[in-house]
>>> print(open('my_file_6.cif').read())   # mmCIF, C-alpha atoms
data_structure
loop_
_atom_site.label_atom_id
_atom_site.label_comp_id
_atom_site.auth_asym_id
_atom_site.auth_seq_id
_atom_site.Cartn_x
_atom_site.Cartn_y
_atom_site.Cartn_z
CA MET A 30 -220.06 -150.87 -83.71
CA LEU A 31 -216.82 -152.36 -85.07
CA ALA A 32 -215.31 -148.87 -85.34
CA LEU A 33 -215.73 -148.49 -81.57
CA PHE A 34 -214.88 -152.07 -80.57
CA THR A 35 -211.83 -152.13 -78.31
CA GLY A 36 -210.65 -155.54 -79.44
CA ASP A 37 -211.54 -157.19 -76.15
CA ASP A 38 -212.98 -160.70 -76.01
CA LEU A 39 -216.04 -160.65 -78.28
CA SER A 40 -217.68 -163.56 -76.48
CA LYS A 41 -217.44 -161.62 -73.22
CA LEU A 42 -219.12 -158.62 -74.85
CA THR A 43 -221.97 -160.67 -76.31
CA ALA A 44 -222.44 -162.46 -72.98
CA GLU A 45 -222.74 -159.08 -71.24
CA VAL A 46 -225.29 -157.92 -73.80
CA ALA A 47 -227.29 -161.15 -73.54
CA GLY A 48 -227.28 -160.91 -69.75
CA LYS A 49 -228.79 -157.43 -69.93
CA ARG A 50 -231.25 -158.13 -72.72
CA ASP A 51 -234.08 -156.28 -70.99
CA TYR A 52 -232.22 -152.99 -71.47
CA PHE A 53 -232.10 -153.53 -75.22
CA SER A 54 -235.82 -154.15 -75.64
CA ARG A 55 -236.55 -150.43 -75.79
CA THR A 56 -235.36 -147.65 -78.07
CA VAL A 57 -232.90 -145.26 -76.47
CA THR A 58 -232.15 -141.84 -77.92
CA ALA A 59 -228.95 -139.84 -77.81
CA THR A 60 -230.89 -137.11 -75.99
CA GLU A 61 -231.71 -139.51 -73.14
CA ILE A 62 -228.09 -140.57 -72.82
CA LYS A 63 -226.93 -136.96 -72.83
CA GLN A 64 -229.37 -136.20 -70.03
CA VAL A 65 -227.88 -139.00 -67.92
CA LEU A 66 -224.42 -137.56 -68.56
CA ASP A 67 -225.55 -133.99 -67.69
CA LEU A 68 -225.05 -132.85 -71.28
CA PRO A 69 -227.40 -130.40 -73.03
CA PRO A 70 -229.61 -131.98 -75.72
CA ASP A 71 -227.74 -130.20 -78.52
CA ALA A 72 -224.25 -131.07 -77.24
CA GLN A 73 -221.66 -131.77 -79.94
CA ARG A 74 -217.99 -132.80 -79.95
CA ALA A 75 -217.09 -129.40 -81.41
CA ASP A 76 -218.23 -127.77 -78.16
CA ALA A 77 -214.89 -128.87 -76.71
CA LEU A 78 -213.06 -126.48 -79.03
CA ALA A 79 -215.26 -123.61 -77.88
CA MET A 80 -214.52 -124.46 -74.25
CA ALA A 81 -210.75 -124.44 -74.68
CA PHE A 82 -210.48 -121.53 -77.14
CA GLN A 83 -212.45 -118.45 -76.16
CA GLY A 84 -210.34 -115.76 -77.84
CA ASP A 85 -207.76 -114.62 -75.30
CA GLU A 86 -205.51 -117.67 -75.43
CA ALA A 87 -202.93 -116.20 -77.84
CA ALA A 88 -202.26 -113.32 -75.45
CA ILE A 89 -201.96 -115.68 -72.50
CA ALA A 90 -199.55 -117.93 -74.42
CA LYS A 91 -197.41 -114.91 -75.27
CA GLU A 92 -197.30 -113.86 -71.60
CA VAL A 93 -196.34 -117.38 -70.59
CA ALA A 94 -193.48 -117.33 -73.11
CA GLU A 95 -192.23 -114.01 -71.74
CA VAL A 96 -192.42 -115.23 -68.16
CA PHE A 97 -190.57 -118.46 -68.94
CA ALA A 98 -187.89 -116.89 -71.12
CA GLY A 99 -185.51 -116.92 -68.18
CA GLN A 100 -186.55 -120.30 -66.81
CA SER A 101 -185.27 -123.79 -67.50
CA LYS A 102 -185.24 -125.38 -70.96
CA THR A 103 -188.20 -127.51 -69.93
CA TYR A 104 -190.36 -124.46 -69.36
CA GLN A 105 -189.02 -122.72 -72.46
CA ALA A 106 -189.99 -125.79 -74.48
CA PHE A 107 -193.40 -125.73 -72.83
CA ALA A 108 -193.90 -122.10 -73.85
CA ALA A 109 -192.71 -122.78 -77.41
CA LYS A 110 -195.28 -125.54 -77.86
CA LEU A 111 -197.97 -123.28 -76.42
CA LEU A 112 -197.04 -120.49 -78.86
CA ALA A 113 -197.02 -122.86 -81.85
CA ILE A 114 -200.78 -123.48 -81.60
CA ASP A 115 -202.86 -121.70 -84.27
CA TYR A 116 -205.16 -119.61 -82.11
CA LYS A 117 -206.78 -117.86 -85.08
CA ASN A 118 -208.05 -121.16 -86.44
CA PRO A 119 -208.16 -123.55 -83.47
CA ASP A 120 -208.44 -127.18 -84.46
CA TRP A 121 -208.32 -130.67 -82.92
CA ALA A 122 -204.55 -130.86 -83.23
CA GLY A 123 -204.23 -127.67 -81.21
CA LEU A 124 -206.63 -129.02 -78.59
CA GLU A 125 -204.62 -132.24 -78.32
CA THR A 126 -201.50 -130.12 -77.77
CA LEU A 127 -203.25 -128.33 -74.91
CA PHE A 128 -204.24 -131.68 -73.43
CA SER A 129 -200.62 -132.82 -73.50
CA LEU A 130 -199.38 -129.59 -71.92
CA PHE A 131 -202.07 -128.89 -69.33
CA LEU A 132 -203.45 -132.27 -68.30
CA TYR A 133 -201.70 -135.09 -66.51
CA ALA A 134 -201.63 -138.46 -68.21
CA GLY A 135 -200.92 -141.91 -66.82
CA THR A 136 -197.32 -141.85 -68.04
CA CYS A 137 -196.36 -138.52 -66.46
CA ASN A 138 -193.39 -138.39 -64.15
CA SER A 139 -191.38 -135.74 -62.35
CA LYS A 140 -189.79 -134.64 -65.65
CA SER A 141 -193.10 -134.18 -67.41
CA VAL A 142 -193.66 -130.93 -69.32
CA ASN A 143 -197.11 -130.77 -67.78
CA PHE A 144 -197.67 -127.46 -66.10
CA PRO A 145 -197.45 -126.24 -63.42
CA GLN A 146 -194.99 -128.15 -61.28
CA SER A 147 -195.74 -126.99 -57.76
CA ASN A 148 -192.25 -127.88 -56.52
CA HIS A 149 -190.56 -125.65 -59.11
CA GLY A 150 -190.55 -122.54 -56.95
CA LYS A 151 -188.89 -120.14 -59.40
CA ALA A 152 -191.27 -120.99 -62.23
CA VAL A 153 -194.31 -120.74 -59.99
CA GLU A 154 -193.13 -117.41 -58.62
CA ALA A 155 -192.47 -116.05 -62.11
CA MET A 156 -195.93 -117.07 -63.27
CA ALA A 157 -197.73 -115.49 -60.31
CA PRO A 158 -198.92 -112.34 -62.19
CA ILE A 159 -200.73 -114.43 -64.82
CA ALA A 160 -201.48 -117.49 -62.71
CA ASP A 161 -205.24 -116.87 -62.49
CA ALA A 162 -205.62 -116.53 -66.25
CA VAL A 163 -203.52 -119.65 -66.92
CA HIS A 164 -205.34 -121.71 -64.31
CA ASP A 165 -208.70 -120.64 -65.70
CA TRP A 166 -207.52 -121.75 -69.15
CA MET A 167 -206.35 -125.06 -67.74
CA ASP A 168 -209.75 -125.61 -66.13
CA ARG A 169 -211.45 -124.93 -69.46
CA VAL A 170 -209.13 -127.41 -71.18
CA ALA A 171 -209.96 -130.00 -68.51
CA ALA A 172 -213.67 -129.33 -69.09
CA ALA A 173 -213.12 -129.81 -72.83
CA LYS A 174 -211.48 -133.18 -72.20
CA ALA A 175 -214.33 -134.25 -69.93
CA HIS A 176 -216.80 -133.14 -72.59
CA LEU A 177 -215.09 -135.30 -75.22
CA TRP A 178 -215.15 -138.26 -72.84
CA ALA A 179 -218.88 -137.72 -72.32
CA MET A 180 -219.54 -137.44 -76.05
CA ALA A 181 -217.53 -140.62 -76.61
CA ALA A 182 -219.74 -142.30 -73.99
CA VAL A 183 -222.81 -141.16 -75.95
CA ASP A 184 -221.43 -142.62 -79.17
CA ARG A 185 -220.44 -145.91 -77.54
CA THR A 186 -223.75 -146.24 -75.70
CA MET A 187 -225.74 -145.62 -78.86
CA ALA A 188 -223.57 -148.18 -80.68
CA ILE A 189 -224.08 -150.87 -78.04
CA TYR A 190 -227.83 -150.24 -78.03
CA ARG A 191 -227.96 -150.57 -81.81
CA PHE A 192 -225.96 -153.78 -81.58
CA GLY A 193 -228.07 -155.16 -78.75
CA ALA A 194 -231.31 -154.41 -80.58
CA VAL A 195 -230.18 -156.72 -83.38
CA PHE A 196 -228.15 -159.27 -81.41
CA CYS A 197 -230.65 -160.09 -78.65
CA PRO A 198 -233.51 -161.15 -80.96
CA ALA A 199 -231.05 -163.19 -83.03
CA TYR A 200 -229.70 -164.81 -79.86
CA GLU A 201 -233.21 -165.66 -78.66
CA ALA A 202 -234.10 -167.14 -82.07
CA ARG A 203 -230.95 -169.26 -82.05
CA LYS A 204 -231.74 -170.66 -78.58
CA LEU A 205 -235.29 -171.39 -79.64
CA ALA A 206 -234.06 -173.29 -82.70
CA MET A 207 -231.70 -175.32 -80.51
CA GLY A 208 -234.25 -175.87 -77.75
CA ALA A 209 -231.75 -174.34 -75.32
CA LEU A 210 -231.95 -172.11 -72.26
CA ASP A 211 -229.18 -170.12 -70.60
CA PHE A 212 -228.83 -169.36 -66.90
CA ASP A 213 -230.68 -166.05 -67.19
CA ASP A 214 -233.57 -167.85 -68.88
CA LEU A 215 -233.91 -170.20 -65.91
CA ILE A 216 -234.12 -167.29 -63.49
CA ARG A 217 -236.56 -165.36 -65.65
CA LYS A 218 -238.83 -168.36 -66.19
CA ALA A 219 -238.78 -169.14 -62.47
CA ARG A 220 -239.83 -165.55 -61.75
CA ALA A 221 -242.53 -165.71 -64.42
CA LEU A 222 -243.84 -168.97 -62.97
CA LEU A 223 -244.13 -167.38 -59.54
CA THR A 224 -245.72 -164.14 -60.72
CA ASP A 225 -248.10 -165.30 -63.47
CA ARG A 226 -251.56 -164.88 -61.95
CA ASP A 227 -252.89 -167.92 -63.77
CA VAL A 228 -250.48 -170.39 -62.16
CA ALA A 229 -248.54 -168.58 -59.43
CA GLN A 230 -250.84 -169.36 -56.51
CA TRP A 231 -250.96 -173.05 -57.40
CA VAL A 232 -247.16 -173.25 -57.79
CA LEU A 233 -246.58 -171.37 -54.54
CA PHE A 234 -249.07 -173.61 -52.73
CA ARG A 235 -247.24 -176.73 -53.91
CA LEU A 236 -243.84 -175.30 -53.03
CA ASP A 237 -245.04 -174.02 -49.69
CA GLY A 238 -245.43 -177.58 -48.47
CA GLY A 239 -241.77 -178.35 -49.00
CA ILE A 240 -239.83 -175.21 -48.13
CA ASP A 241 -239.05 -174.43 -44.51
CA HIS A 242 -235.72 -172.64 -44.78
CA VAL A 243 -234.12 -170.46 -47.41
CA LEU A 244 -230.38 -169.71 -47.44
CA VAL A 245 -229.08 -166.98 -49.74
CA ASP A 246 -225.30 -167.12 -49.96
CA GLU A 247 -223.13 -164.43 -51.62
CA ALA A 248 -226.20 -162.21 -51.44
CA GLN A 249 -224.29 -159.14 -52.60
CA ASP A 250 -224.12 -160.73 -56.06
CA THR A 251 -227.83 -161.52 -56.26
CA SER A 252 -229.65 -159.76 -59.09
CA PRO A 253 -233.04 -158.03 -58.74
CA THR A 254 -234.59 -160.83 -60.82
CA GLN A 255 -233.20 -163.45 -58.47
CA TRP A 256 -234.38 -161.47 -55.45
CA ALA A 257 -237.88 -161.43 -56.97
CA VAL A 258 -237.87 -165.23 -56.96
CA ILE A 259 -236.67 -165.33 -53.35
CA GLU A 260 -239.27 -162.78 -52.29
CA ARG A 261 -242.08 -164.80 -53.80
CA LEU A 262 -240.85 -168.04 -52.22
CA THR A 263 -240.66 -166.48 -48.76
CA GLN A 264 -243.66 -164.16 -48.81
CA GLU A 265 -245.58 -166.28 -46.29
CA PHE A 266 -242.64 -167.06 -43.99
CA ALA A 267 -243.09 -164.09 -41.68
CA ALA A 268 -246.86 -164.26 -41.79
CA GLY A 269 -246.89 -167.75 -40.32
CA VAL A 270 -249.48 -168.96 -42.79
CA GLY A 271 -249.35 -171.40 -45.65
CA ALA A 272 -249.44 -175.15 -46.05
CA ARG A 273 -247.65 -175.78 -42.74
CA PRO A 274 -248.37 -172.95 -40.26
CA ASP A 275 -247.11 -175.10 -37.38
CA ARG A 276 -243.50 -175.00 -38.65
CA GLU A 277 -241.07 -172.20 -37.85
CA ARG A 278 -239.66 -171.13 -41.20
CA THR A 279 -236.57 -169.02 -41.62
CA VAL A 280 -234.61 -166.92 -44.08
CA PHE A 281 -230.84 -166.72 -43.68
CA VAL A 282 -228.96 -164.25 -45.89
CA VAL A 283 -225.18 -163.97 -46.01
CA GLY A 284 -223.34 -161.30 -47.97
CA ASP A 285 -220.75 -158.55 -47.97
CA LYS A 286 -221.34 -155.58 -50.27
CA LYS A 287 -217.61 -154.79 -50.29
CA GLN A 288 -217.02 -158.08 -52.12
CA SER A 289 -219.63 -157.60 -54.80
CA ILE A 290 -218.74 -158.62 -58.35
CA TYR A 291 -220.82 -155.90 -59.94
CA SER A 292 -220.87 -157.43 -63.43
CA PHE A 293 -221.78 -160.93 -62.26
CA GLN A 294 -225.24 -162.04 -63.44
CA GLY A 295 -226.69 -158.55 -63.03
CA ALA A 296 -225.49 -158.22 -59.44
CA ASP A 297 -227.00 -155.23 -57.64
CA PRO A 298 -225.51 -154.60 -54.17
CA ASP A 299 -228.18 -151.97 -53.44
CA ALA A 300 -230.83 -154.67 -53.76
CA PHE A 301 -229.15 -156.36 -50.77
CA ASP A 302 -230.11 -153.41 -48.55
CA GLN A 303 -233.59 -153.14 -50.06
CA MET A 304 -234.34 -156.81 -49.40
CA ARG A 305 -232.94 -156.60 -45.88
CA THR A 306 -235.38 -153.77 -45.18
CA LEU A 307 -238.24 -155.72 -46.75
CA PHE A 308 -237.53 -158.83 -44.66
CA LYS A 309 -237.06 -156.76 -41.53
CA ASP A 310 -240.36 -154.91 -41.97
CA ALA A 311 -242.25 -158.14 -42.69
CA HIS A 312 -240.85 -159.91 -39.63
CA GLN A 313 -241.40 -156.98 -37.30
CA ALA A 314 -244.97 -156.56 -38.56
CA ALA A 315 -245.61 -160.21 -37.71
CA GLN A 316 -243.76 -159.83 -34.39
CA LYS A 317 -241.22 -162.42 -35.42
CA PRO A 318 -237.53 -162.19 -34.52
CA PHE A 319 -235.22 -160.62 -37.07
CA ALA A 320 -231.49 -160.16 -36.46
CA ILE A 321 -228.83 -158.26 -38.38
CA THR A 322 -225.37 -159.45 -37.40
CA SER A 323 -221.87 -158.79 -38.70
CA LEU A 324 -218.69 -160.83 -38.73
CA ASP A 325 -216.19 -158.35 -37.36
CA HIS A 326 -213.27 -160.77 -37.05
CA SER A 327 -212.24 -163.47 -39.50
CA PHE A 328 -210.09 -166.38 -38.34
CA ARG A 329 -209.83 -167.94 -41.77
CA SER A 330 -206.15 -167.08 -42.15
CA SER A 331 -205.06 -167.20 -38.50
CA GLN A 332 -203.28 -169.96 -36.65
CA ALA A 333 -205.48 -172.65 -35.13
#
>>> encode(input="my_file_6.cif", output="structure tokens")
Amino acid sequence: MLALFTGDDLSKLTAEVAGKRDYFSRTVTATEIKQVLDLPPDAQRADALAMAFQGDEAAIAKEVAEVFAGQSKTYQAFAAKLLAIDYKNPDWAGLETLFSLFLYAGTCNSKSVNFPQSNHGKAVEAMAPIADAVHDWMDRVAAAKAHLWAMAAVDRTMAIYRFGAVFCPAYEARKLAMGALDFDDLIRKARALLTDRDVAQWVLFRLDGGIDHVLVDEAQDTSPTQWAVIERLTQEFAAGVGARPDRERTVFVVGDKKQSIYSFQGADPDAFDQMRTLFKDAHQAAQKPFAITSLDHSFRSSQA
């Protein structure tokens, strides 16, 4: 884990892990992660070398050097670096050289040696006879880079799962020893209280006598666990039954998916749409009014 740690705030990392403890309660295999990333089960880092070096690269590099012999020093330098790669025994250093020559990086500018430069008409024209072969090679190099990124994601995901499998139980034990609960615990225990068959109906009956209106603000940042609590609290609202059937009870939800803080307390913007559909179906089934409105103009920053 430490070998892959980026050096970011450790407390932030552990808070993220603790907030997603349910994910770390099961064993995850590298094969499962590879499937999510569209990688074959037997994928290895070395596959990147096979993608970039298929046997004809030395000949292509030689043709590039011949084509660029009469071009600018920039392109001659490009060709020289391409020729210097050991194509008989391709290695990671050679692959990194290809990355630097063929793929754009964040620091590239108009003087970059990355190839090709579409506005360099003479060079592009000179390369035309071998353009297809070079572009195919570039695509394979790009695929190799993407493959390494995916394999790195596998390694990091496996590492965080191994860490979480040890950290989460230790975190829970520490809270138990201190008699402490965190915010996620409060939400989980509220959900458990409302879904436990032994006590849920009694709790809901008692609550039903005191809840007429529910307001959910910043709904785009509401987690599925929090929505489960809200759903249980409002399940009788549309039906018009409960401790006080004579009262008109309402649910008012405010949110903007575009403003979602995706990492905040397990926020799930998609759950916003799912709950809207659930509330809509329940109200329409009970022939109760249900409105979806939007604030198309904001006067928050305008003159009075």
>>> atom_distance(input="my_file_6.cif", atom1="CA of Asp297 in chain A", atom2="CA of Ser252 in chain A")
5.4 Å
>>> closest_residue(input="my_file_6.cif", among="A:Tyr116, A:Phe192, A:Phe82, A:Phe97", to="Ala173 in chain A", atoms="all atoms listed in the file")
A:Phe82
>>> resolve_selection(input="my_file_6.cif", expression="the PyMOL selection byres ((chain A and resi 126) around 12)", output="mmCIF file with C-alpha atoms, in the coordinates of the input")
data_model
loop_
_atom_site.group_PDB
_atom_site.id
_atom_site.type_symbol
_atom_site.label_atom_id
_atom_site.label_comp_id
_atom_site.auth_asym_id
_atom_site.auth_seq_id
_atom_site.Cartn_x
_atom_site.Cartn_y
_atom_site.Cartn_z
ATOM 1 C CA ALA A 81 -210.750 -124.440 -74.680
ATOM 2 C CA PHE A 107 -193.400 -125.730 -72.830
ATOM 3 C CA ALA A 108 -193.900 -122.100 -73.850
ATOM 4 C CA ALA A 109 -192.710 -122.780 -77.410
ATOM 5 C CA LYS A 110 -195.280 -125.540 -77.860
ATOM 6 C CA LEU A 111 -197.970 -123.280 -76.420
ATOM 7 C CA LEU A 112 -197.040 -120.490 -78.860
ATOM 8 C CA ALA A 113 -197.020 -122.860 -81.850
ATOM 9 C CA ILE A 114 -200.780 -123.480 -81.600
ATOM 10 C CA ASP A 115 -202.860 -121.700 -84.270
ATOM 11 C CA TYR A 116 -205.160 -119.610 -82.110
ATOM 12 C CA PRO A 119 -208.160 -123.550 -83.470
ATOM 13 C CA ASP A 120 -208.440 -127.180 -84.460
ATOM 14 C CA TRP A 121 -208.320 -130.670 -82.920
ATOM 15 C CA ALA A 122 -204.550 -130.860 -83.230
ATOM 16 C CA GLY A 123 -204.230 -127.670 -81.210
ATOM 17 C CA LEU A 124 -206.630 -129.020 -78.590
ATOM 18 C CA GLU A 125 -204.620 -132.240 -78.320
ATOM 19 C CA LEU A 127 -203.250 -128.330 -74.910
ATOM 20 C CA PHE A 128 -204.240 -131.680 -73.430
ATOM 21 C CA SER A 129 -200.620 -132.820 -73.500
ATOM 22 C CA LEU A 130 -199.380 -129.590 -71.920
ATOM 23 C CA PHE A 131 -202.070 -128.890 -69.330
ATOM 24 C CA LEU A 132 -203.450 -132.270 -68.300
ATOM 25 C CA VAL A 142 -193.660 -130.930 -69.320
ATOM 26 C CA ASN A 143 -197.110 -130.770 -67.780
ATOM 27 C CA VAL A 170 -209.130 -127.410 -71.180
ATOM 28 C CA LYS A 174 -211.480 -133.180 -72.200
#
>>> atom_distance(input="my_file_6.cif", atom1="CA of Ala182 in chain A", atom2="CA of Lys49 in chain A")
18.1 Å
>>> resolve_selection(input="my_file_6.cif", expression="the PyMOL selection byres ((chain A and resi 184) around 12)", output="list of chain:residue names")
A:Met30, A:Ala32, A:Leu33, A:Phe34, A:Thr58, A:Ala59, A:Thr60, A:Ile62, A:Lys63, A:Gln73, A:Arg74, A:Leu177, A:Trp178, A:Ala179, A:Met180, A:Ala181, A:Ala182, A:Val183, A:Arg185, A:Thr186, A:Met187, A:Ala188, A:Ile189, A:Tyr190, A:Arg191
>>> atom_distance(input="my_file_6.cif", atom1="CA of Ala209 in chain A", atom2="CA of Thr254 in chain A")
20.0 Å
>>> resolve_selection(input="my_file_6.cif", expression="the PyMOL selection byres ((chain A and resi 48) around 8)", output="JSON, numbers by chain")
{"A": [44, 45, 46, 47, 49, 50, 213, 294, 295]}
>>> residues_around(input="my_file_6.cif", residues="range 215-225 of chain A", least_positions_apart="3", cutoff="7 Å", atoms="all atoms listed in the file", output="PDB file with C-alpha atoms, in the frame of the given file")
ATOM      1  CA  LEU A 210    -231.950-172.110 -72.260  1.00  0.00           C
ATOM      2  CA  ASP A 211    -229.180-170.120 -70.600  1.00  0.00           C
ATOM      3  CA  PHE A 212    -228.830-169.360 -66.900  1.00  0.00           C
ATOM      4  CA  VAL A 228    -250.480-170.390 -62.160  1.00  0.00           C
ATOM      5  CA  ALA A 229    -248.540-168.580 -59.430  1.00  0.00           C
ATOM      6  CA  VAL A 232    -247.160-173.250 -57.790  1.00  0.00           C
ATOM      7  CA  LEU A 233    -246.580-171.370 -54.540  1.00  0.00           C
ATOM      8  CA  THR A 254    -234.590-160.830 -60.820  1.00  0.00           C
ATOM      9  CA  GLN A 255    -233.200-163.450 -58.470  1.00  0.00           C
ATOM     10  CA  ALA A 257    -237.880-161.430 -56.970  1.00  0.00           C
ATOM     11  CA  VAL A 258    -237.870-165.230 -56.960  1.00  0.00           C
ATOM     12  CA  ARG A 261    -242.080-164.800 -53.800  1.00  0.00           C
TER      13      ARG A 261
END
>>> closest_residue(input="my_file_6.cif", among="A:Ala320, A:Val163, A:Cys197, A:Ala314", to="Asp51 in chain A", atoms="only C-alpha atoms")
A:Cys197
>>> residues_near_point(input="my_file_6.cif", point="(-202.1, -118.2, -63.7)", cutoff="12 Å", atoms="all atoms listed in the file", output="number ranges by chain")
A: 89-90, 92-93, 96, 144-145, 152-168
>>> closest_residue(input="my_file_6.cif", among="A:Ala300, A:Val195, A:Ile240, A:Val283", to="Trp256 in chain A", atoms="only C-alpha atoms")
A:Ala300
>>> build_atoms(input="my_file_6.cif", residues="range 309-325 of chain A", atoms="N, CA, C and O atoms", output="PDB file, keeping the file's coordinate frame")
ATOM      1  N   LYS A 309    -236.970-157.290 -42.882  1.00  0.00           N
ATOM      2  CA  LYS A 309    -237.060-156.760 -41.530  1.00  0.00           C
ATOM      3  C   LYS A 309    -238.471-156.240 -41.232  1.00  0.00           C
ATOM      4  O   LYS A 309    -239.054-156.559 -40.185  1.00  0.00           O
ATOM      5  N   ASP A 310    -239.016-155.464 -42.169  1.00  0.00           N
ATOM      6  CA  ASP A 310    -240.360-154.910 -41.970  1.00  0.00           C
ATOM      7  C   ASP A 310    -241.406-156.017 -41.860  1.00  0.00           C
ATOM      8  O   ASP A 310    -242.312-155.945 -41.017  1.00  0.00           O
ATOM      9  N   ALA A 311    -241.272-157.037 -42.698  1.00  0.00           N
ATOM     10  CA  ALA A 311    -242.250-158.140 -42.690  1.00  0.00           C
ATOM     11  C   ALA A 311    -242.193-158.901 -41.376  1.00  0.00           C
ATOM     12  O   ALA A 311    -243.233-159.255 -40.805  1.00  0.00           O
ATOM     13  N   HIS A 312    -240.982-159.159 -40.882  1.00  0.00           N
ATOM     14  CA  HIS A 312    -240.850-159.910 -39.630  1.00  0.00           C
ATOM     15  C   HIS A 312    -241.332-159.092 -38.434  1.00  0.00           C
ATOM     16  O   HIS A 312    -241.998-159.625 -37.533  1.00  0.00           O
ATOM     17  N   GLN A 313    -240.978-157.808 -38.427  1.00  0.00           N
ATOM     18  CA  GLN A 313    -241.400-156.980 -37.300  1.00  0.00           C
ATOM     19  C   GLN A 313    -242.913-156.800 -37.290  1.00  0.00           C
ATOM     20  O   GLN A 313    -243.531-156.766 -36.227  1.00  0.00           O
ATOM     21  N   ALA A 314    -243.513-156.708 -38.481  1.00  0.00           N
ATOM     22  CA  ALA A 314    -244.970-156.560 -38.560  1.00  0.00           C
ATOM     23  C   ALA A 314    -245.669-157.795 -38.011  1.00  0.00           C
ATOM     24  O   ALA A 314    -246.757-157.710 -37.423  1.00  0.00           O
ATOM     25  N   ALA A 315    -245.033-158.957 -38.203  1.00  0.00           N
ATOM     26  CA  ALA A 315    -245.610-160.210 -37.710  1.00  0.00           C
ATOM     27  C   ALA A 315    -245.098-160.567 -36.318  1.00  0.00           C
ATOM     28  O   ALA A 315    -245.392-161.653 -35.802  1.00  0.00           O
ATOM     29  N   GLN A 316    -244.331-159.635 -35.722  1.00  0.00           N
ATOM     30  CA  GLN A 316    -243.760-159.830 -34.390  1.00  0.00           C
ATOM     31  C   GLN A 316    -242.920-161.105 -34.322  1.00  0.00           C
ATOM     32  O   GLN A 316    -242.987-161.873 -33.363  1.00  0.00           O
ATOM     33  N   LYS A 317    -242.138-161.301 -35.364  1.00  0.00           N
ATOM     34  CA  LYS A 317    -241.220-162.420 -35.420  1.00  0.00           C
ATOM     35  C   LYS A 317    -239.795-161.896 -35.305  1.00  0.00           C
ATOM     36  O   LYS A 317    -239.491-160.783 -35.760  1.00  0.00           O
ATOM     37  N   PRO A 318    -238.899-162.671 -34.709  1.00  0.00           N
ATOM     38  CA  PRO A 318    -237.530-162.190 -34.520  1.00  0.00           C
ATOM     39  C   PRO A 318    -236.799-161.979 -35.846  1.00  0.00           C
ATOM     40  O   PRO A 318    -236.944-162.760 -36.789  1.00  0.00           O
ATOM     41  N   PHE A 319    -236.034-160.917 -35.881  1.00  0.00           N
ATOM     42  CA  PHE A 319    -235.220-160.620 -37.070  1.00  0.00           C
ATOM     43  C   PHE A 319    -233.910-160.015 -36.590  1.00  0.00           C
ATOM     44  O   PHE A 319    -233.911-159.023 -35.863  1.00  0.00           O
ATOM     45  N   ALA A 320    -232.795-160.612 -36.961  1.00  0.00           N
ATOM     46  CA  ALA A 320    -231.490-160.160 -36.460  1.00  0.00           C
ATOM     47  C   ALA A 320    -230.567-159.782 -37.621  1.00  0.00           C
ATOM     48  O   ALA A 320    -230.513-160.471 -38.643  1.00  0.00           O
ATOM     49  N   ILE A 321    -229.868-158.674 -37.436  1.00  0.00           N
ATOM     50  CA  ILE A 321    -228.830-158.260 -38.380  1.00  0.00           C
ATOM     51  C   ILE A 321    -227.496-158.361 -37.644  1.00  0.00           C
ATOM     52  O   ILE A 321    -227.274-157.658 -36.653  1.00  0.00           O
ATOM     53  N   THR A 322    -226.652-159.250 -38.075  1.00  0.00           N
ATOM     54  CA  THR A 322    -225.370-159.450 -37.400  1.00  0.00           C
ATOM     55  C   THR A 322    -224.234-159.220 -38.379  1.00  0.00           C
ATOM     56  O   THR A 322    -224.409-159.239 -39.596  1.00  0.00           O
ATOM     57  N   SER A 323    -223.042-159.001 -37.847  1.00  0.00           N
ATOM     58  CA  SER A 323    -221.870-158.790 -38.700  1.00  0.00           C
ATOM     59  C   SER A 323    -220.701-159.615 -38.171  1.00  0.00           C
ATOM     60  O   SER A 323    -220.568-159.825 -36.963  1.00  0.00           O
ATOM     61  N   LEU A 324    -219.888-160.078 -39.095  1.00  0.00           N
ATOM     62  CA  LEU A 324    -218.690-160.830 -38.730  1.00  0.00           C
ATOM     63  C   LEU A 324    -217.535-159.837 -38.693  1.00  0.00           C
ATOM     64  O   LEU A 324    -216.992-159.456 -39.729  1.00  0.00           O
ATOM     65  N   ASP A 325    -217.199-159.393 -37.510  1.00  0.00           N
ATOM     66  CA  ASP A 325    -216.190-158.350 -37.360  1.00  0.00           C
ATOM     67  C   ASP A 325    -214.768-158.895 -37.381  1.00  0.00           C
ATOM     68  O   ASP A 325    -213.822-158.154 -37.637  1.00  0.00           O
TER      69      ASP A 325
END
